[in-house]
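Data from query-v2.txt: compact mmCIF, C-alpha atoms
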# COMPACT_ATOMS: atom_id res chain seq x y z
CA MET A 11 2.03 -0.54 -0.42
CA SER A 12 5.06 -1.24 1.70
CA ALA A 13 7.93 -3.14 0.12
CA PRO A 14 10.63 -5.33 1.70
CA PRO A 15 14.29 -4.35 2.00
CA ARG A 16 16.43 -4.63 -1.11
CA ASN A 17 18.15 -7.80 0.08
CA TRP A 18 14.79 -9.56 0.54
CA GLU A 19 14.82 -13.07 -0.91
CA GLY A 20 12.78 -13.53 -4.06
CA GLN A 21 13.94 -10.49 -6.04
CA SER A 22 15.20 -12.64 -8.93
CA THR A 23 13.32 -12.25 -12.21
CA ALA A 24 13.79 -15.97 -12.89
CA ARG A 25 11.92 -17.25 -9.85
CA GLN A 26 8.75 -16.37 -8.04
CA PRO A 27 8.85 -13.98 -5.05
CA LEU A 28 8.93 -15.53 -1.60
CA PHE A 29 6.18 -14.89 0.96
CA ILE A 30 6.81 -15.74 4.61
CA GLY A 31 4.04 -13.69 6.20
CA GLN A 32 5.29 -10.15 5.58
CA TYR A 33 4.65 -7.64 2.79
CA TYR A 34 1.64 -9.50 1.43
CA SER A 35 0.47 -6.74 -0.96
CA TRP A 36 3.96 -6.52 -2.44
CA TRP A 37 4.16 -10.29 -2.83
CA LYS A 38 0.67 -10.55 -4.32
CA ASN A 39 1.40 -8.05 -7.08
CA ARG A 40 4.80 -9.56 -7.82
CA MET A 41 3.38 -13.10 -7.93
CA ARG A 42 0.60 -11.98 -10.28
CA ASP A 43 3.15 -10.44 -12.63
CA HIS A 44 5.38 -13.52 -12.41
CA ILE A 45 2.55 -15.95 -13.25
CA GLN A 46 1.29 -13.80 -16.11
CA ARG A 47 4.79 -13.61 -17.55
CA GLU A 48 5.22 -17.38 -17.40
CA ASP A 49 1.83 -18.17 -18.94
CA TYR A 50 -0.96 -15.61 -19.09
CA GLU A 51 -3.67 -18.29 -19.09
CA LEU A 52 -2.50 -19.43 -15.67
CA TRP A 53 -3.81 -16.20 -14.18
CA ASP A 54 -7.33 -17.10 -15.33
CA ILE A 55 -6.99 -20.38 -13.49
CA VAL A 56 -5.86 -18.57 -10.32
CA THR A 57 -8.63 -15.96 -10.37
CA ASP A 58 -11.53 -17.82 -12.03
CA SER A 59 -10.72 -21.52 -11.57
CA PRO A 60 -12.90 -22.81 -14.46
CA LEU A 61 -12.34 -26.39 -13.35
CA ALA A 62 -15.01 -29.08 -13.47
CA THR A 63 -14.61 -30.90 -10.16
CA LEU A 64 -18.02 -32.58 -9.87
CA GLU A 65 -20.36 -34.61 -12.03
CA LYS A 66 -23.72 -36.25 -11.39
CA ASN A 67 -23.84 -40.00 -10.98
CA ALA A 68 -26.66 -42.28 -12.08
CA GLU A 69 -28.71 -41.22 -9.05
CA GLY A 70 -28.28 -37.55 -9.85
CA VAL A 71 -25.91 -36.94 -6.95
CA ASP A 72 -22.82 -34.74 -7.37
CA VAL A 73 -19.65 -36.79 -7.00
CA PRO A 74 -15.96 -35.92 -7.59
CA LYS A 75 -14.99 -36.14 -11.23
CA THR A 76 -12.26 -38.64 -12.01
CA ARG A 77 -9.38 -38.07 -14.41
CA ALA A 78 -10.87 -40.61 -16.83
CA ASP A 79 -14.10 -38.64 -17.00
CA CYS A 80 -12.40 -35.38 -18.02
CA ASN A 81 -12.41 -34.32 -21.66
CA VAL A 82 -9.38 -32.84 -23.44
CA GLU A 83 -10.27 -29.24 -22.61
CA GLU A 84 -10.83 -30.06 -18.95
CA MET A 85 -7.53 -31.93 -18.77
CA LYS A 86 -5.73 -28.91 -20.22
CA LYS A 87 -7.24 -26.73 -17.51
CA TRP A 88 -6.19 -29.16 -14.78
CA GLU A 89 -2.67 -29.13 -16.18
CA LYS A 90 -2.71 -25.34 -16.03
CA ASN A 91 -3.99 -25.57 -12.47
CA ALA A 92 -1.08 -27.84 -11.50
CA LYS A 93 1.40 -25.41 -13.00
CA ALA A 94 -0.18 -22.42 -11.24
CA LYS A 95 -0.20 -24.34 -7.94
CA LYS A 96 3.51 -25.08 -8.38
CA TRP A 97 4.37 -21.38 -8.73
CA LEU A 98 2.24 -20.42 -5.75
CA ILE A 99 3.39 -23.20 -3.43
CA CYS A 100 7.06 -22.68 -4.24
CA GLY A 101 6.62 -19.01 -3.37
CA LEU A 102 5.45 -19.73 0.19
CA GLY A 103 7.34 -20.26 3.41
CA PRO A 104 6.50 -23.17 5.78
CA ASP A 105 3.87 -21.33 7.84
CA GLU A 106 2.03 -20.04 4.78
CA TYR A 107 2.21 -23.46 3.15
CA ASN A 108 0.46 -24.95 6.18
CA ARG A 109 -2.49 -22.66 5.48
CA ILE A 110 -3.04 -23.97 1.98
CA GLN A 111 -1.66 -27.53 1.93
CA ASP A 112 -5.12 -29.07 1.53
CA SER A 113 -6.14 -26.77 -1.35
CA SER A 114 -6.79 -28.67 -4.57
CA THR A 115 -6.86 -25.64 -6.85
CA ALA A 116 -4.70 -22.58 -7.41
CA LYS A 117 -7.75 -20.38 -6.85
CA LYS A 118 -8.33 -21.94 -3.43
CA ILE A 119 -4.71 -21.21 -2.49
CA TRP A 120 -5.00 -17.61 -3.67
CA ASP A 121 -8.35 -17.04 -1.93
CA THR A 122 -7.09 -18.56 1.32
CA LEU A 123 -4.10 -16.22 1.38
CA GLN A 124 -6.35 -13.27 0.56
CA VAL A 125 -8.64 -14.03 3.48
CA ALA A 126 -5.69 -14.49 5.83
CA HIS A 127 -3.74 -11.38 4.86
CA GLU A 128 -5.98 -8.84 3.12
CA VAL A 129 -7.62 -6.32 5.39
CA THR A 130 -11.40 -6.00 5.21
CA THR A 131 -13.11 -3.36 3.12
CA GLN A 132 -14.05 -1.38 6.23
CA VAL A 133 -10.49 -1.39 7.53
CA LYS A 134 -9.24 -0.39 4.08
CA ARG A 135 -11.65 2.52 4.04
CA SER A 136 -10.53 3.66 7.48
CA ARG A 137 -6.88 3.30 6.49
CA GLY A 138 -7.52 5.30 3.32
CA THR A 139 -9.20 8.08 5.29
CA LEU A 140 -6.27 8.27 7.72
CA LEU A 141 -3.66 8.29 4.92
CA TYR A 142 -5.53 10.94 2.96
CA SER A 143 -5.68 13.13 6.05
CA GLN A 144 -1.90 12.73 6.37
CA TYR A 145 -1.57 13.67 2.70
CA GLU A 146 -3.74 16.78 3.13
CA ASN A 147 -1.67 17.93 6.11
CA PHE A 148 1.71 16.89 4.71
CA VAL A 149 4.58 19.27 5.48
CA ILE A 150 8.34 19.02 5.43
CA LYS A 151 9.59 18.25 8.94
CA ASP A 152 12.17 20.39 10.69
CA GLY A 153 15.71 19.18 10.11
CA LYS A 154 14.73 16.93 7.19
CA THR A 155 16.20 17.22 3.72
CA ILE A 156 14.20 17.70 0.53
CA GLN A 157 15.06 14.13 -0.51
CA GLU A 158 13.85 12.72 2.83
CA MET A 159 10.63 14.67 2.42
CA TYR A 160 10.22 13.33 -1.12
CA THR A 161 10.72 9.72 0.01
CA ARG A 162 8.12 10.12 2.77
CA PHE A 163 5.68 11.84 0.39
CA THR A 164 6.09 9.15 -2.28
CA THR A 165 5.59 6.35 0.25
CA LEU A 166 2.39 8.01 1.43
CA THR A 167 0.93 8.49 -2.06
CA ASN A 168 1.92 4.95 -3.06
CA GLU A 169 0.04 3.57 -0.06
CA LEU A 170 -2.99 5.61 -1.10
CA LYS A 171 -2.65 4.22 -4.62
CA SER A 172 -2.64 0.66 -3.26
CA LEU A 173 -6.01 1.50 -1.66
CA ARG A 174 -7.29 2.81 -5.02
CA ARG A 175 -7.06 6.45 -3.98
CA ILE A 176 -4.95 7.68 -6.87
CA ILE A 177 -3.71 11.27 -6.79
CA PRO A 178 -2.73 12.60 -10.26
CA GLU A 179 0.89 13.61 -10.83
CA GLU A 180 -0.01 17.24 -11.55
CA VAL A 181 -1.95 17.50 -8.28
CA ARG A 182 0.98 16.09 -6.33
CA VAL A 183 3.43 18.47 -8.00
CA LYS A 184 1.21 21.46 -7.19
CA LYS A 185 0.91 20.32 -3.59
CA ILE A 186 4.69 20.10 -3.22
CA LEU A 187 5.06 23.55 -4.75
CA THR A 188 2.31 25.26 -2.78
CA ARG A 189 2.36 23.51 0.59
CA VAL A 190 5.58 21.62 1.15
CA LEU A 191 8.74 23.23 -0.23
CA PRO A 192 10.55 25.65 2.08
CA ILE A 193 9.28 29.22 2.15
CA THR A 194 12.81 30.44 1.42
CA GLY A 195 12.31 29.42 -2.17
CA GLU A 196 9.00 31.27 -2.55
CA ASN A 197 10.05 33.38 -5.55
CA LYS A 198 11.42 30.40 -7.44
CA ILE A 199 8.38 28.31 -6.57
CA THR A 200 6.12 31.05 -7.95
CA ALA A 201 8.13 31.06 -11.17
CA ILE A 202 7.78 27.30 -11.52
CA LYS A 203 4.04 27.44 -10.86
CA GLU A 204 3.61 30.03 -13.58
CA SER A 205 5.71 28.05 -16.06
CA LYS A 206 3.96 26.66 -19.10
CA ASN A 207 5.53 23.29 -18.25
CA ILE A 208 3.80 22.86 -14.88
CA ALA A 209 1.14 20.52 -16.30
CA THR A 210 3.80 18.07 -17.50
CA LEU A 211 6.34 18.54 -14.72
CA SER A 212 6.88 15.30 -12.80
CA LEU A 213 7.84 14.93 -9.16
CA ASP A 214 11.10 13.27 -10.22
CA GLU A 215 11.97 16.34 -12.29
CA LEU A 216 10.95 18.69 -9.50
CA ILE A 217 12.81 16.89 -6.72
CA GLY A 218 15.49 14.90 -8.55
CA LYS A 219 16.73 17.85 -10.60
CA GLY A 220 16.26 20.33 -7.78
CA ALA A 221 13.84 22.57 -9.67
CA TRP A 222 13.88 25.16 -6.89
CA HIS A 223 17.58 25.83 -7.54
CA SER A 224 18.24 28.72 -9.88
CA GLU A 225 20.38 26.71 -12.32
CA SER A 226 17.63 24.12 -12.72
CA LEU A 227 14.88 26.71 -12.90
CA LYS A 228 16.18 27.93 -16.26
CA VAL A 229 15.38 24.53 -17.76
CA LEU A 230 11.81 24.54 -16.50
CA ILE A 231 10.67 28.05 -17.44

As structure tokens - that is how I would like this structure written.
Amino acid sequence: MSAPPRNWEGQSTARQPLFIGQYYSWWKNRMRDHIQREDYELWDIVTDSPLATLEKNAEGVDVPKTRADCNVEEMKKWEKNAKAKKWLICGLGPDEYNRIQDSSTAKKIWDTLQVAHEVTTQVKRSRGTLLYSQYENFVIKDGKTIQEMYTRFTTLTNELKSLRRIIPEEVRVKKILTRVLPITGENKITAIKESKNIATLSLDELIGKGAWHSESLKVLI
């Protein structure tokens, strides 16, 4: 899942993230977390929309339900819907607002944005296949630093995770050790692989602490 630059508007913890047509997956997850933090029940309204909008008249025909016809529980749900709509609408730029301005429920807003910005299942599957192939063939590029390699590798595995193709930490660590790190560190890499701590070694420890350096290796084995 790609994320916007650090100076992207909407990073405040006190207000909802802003969506102006870019980084939809990032915005969707952030908005979900924001709404749940404000009021967890609001998320049920967004995803399930248990709102009674119709009732049968004397002729048995479905007609819109008026405010006066709603019971206390239904009114509470409509109040929650209004609050959820407020958070969603205030998190949208002008173009995105135009998509949803006629939506009467928070769920309708959410579903409309999903249809407009989420890729189809088939495209997701194709994207996942392509990304996994890149993961399988991942190597450190000539002239690139270990940290640059790590950033590229993490971005790739995070994108796979967003497509529900989760690669366990231990598998990623072993891949870095066996396929990616420079051959010049082969002896140290072998020592790390044989360490009793390999199963719990994280990528941050491996890359951030420079585990292939001799001074860091003493800590790991």

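Excluding Asp54 (chain A) itself and any same-chain residue fewer than 4 positions from it, the protein and nucleic acid residues within 12 Å of it, counting only C-alpha atoms, are Arg42, Ile45, Gln46, Asp49, Tyr50, Asp58, Ser59, Pro60, Leu61, Lys87, Lys90, Asn91, Ala94, Ala116, Lys117 and Trp120 of chain A.
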
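Going from CA of Ile150 (chain A) over to CA of Leu191 (chain A), you cover 7.1 Å.
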
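You will find CA of Asn147 (chain A) at 28.0 Å from CA of Tyr34 (chain A).
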
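Distances here use all atoms listed in the file; by that measure, the residue among A:Thr161, A:Thr57, A:Thr115, A:Asn108 closest to Ile30 (chain A) is A:Asn108.
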
Can you list, as a PyMOL selection string, every protein, DNA or RNA residue that comes within 9 Å of Ile119 (chain A) when you count all atoms listed in the file, leaving out same-chain residues fewer than 6 positions away? chain A and resi 56+95+98-99+109-113

Keeping only C-alpha atoms, take the residues you just selected and write them out as a PDB file, in the coordinates of the input.
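Saved result, out_19.pdb, follows:
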ATOM      1  CA  VAL A  56      -5.860 -18.570 -10.320  1.00  0.00           C
ATOM      2  CA  LYS A  95      -0.200 -24.340  -7.940  1.00  0.00           C
ATOM      3  CA  LEU A  98       2.240 -20.420  -5.750  1.00  0.00           C
ATOM      4  CA  ILE A  99       3.390 -23.200  -3.430  1.00  0.00           C
ATOM      5  CA  ARG A 109      -2.490 -22.660   5.480  1.00  0.00           C
ATOM      6  CA  ILE A 110      -3.040 -23.970   1.980  1.00  0.00           C
ATOM      7  CA  GLN A 111      -1.660 -27.530   1.930  1.00  0.00           C
ATOM      8  CA  ASP A 112      -5.120 -29.070   1.530  1.00  0.00           C
ATOM      9  CA  SER A 113      -6.140 -26.770  -1.350  1.00  0.00           C
TER      10      SER A 113
END

What is the distance between CA of Phe29 (chain A) and CA of Gly103 (chain A), in Å to one decimal? 6.0 Å
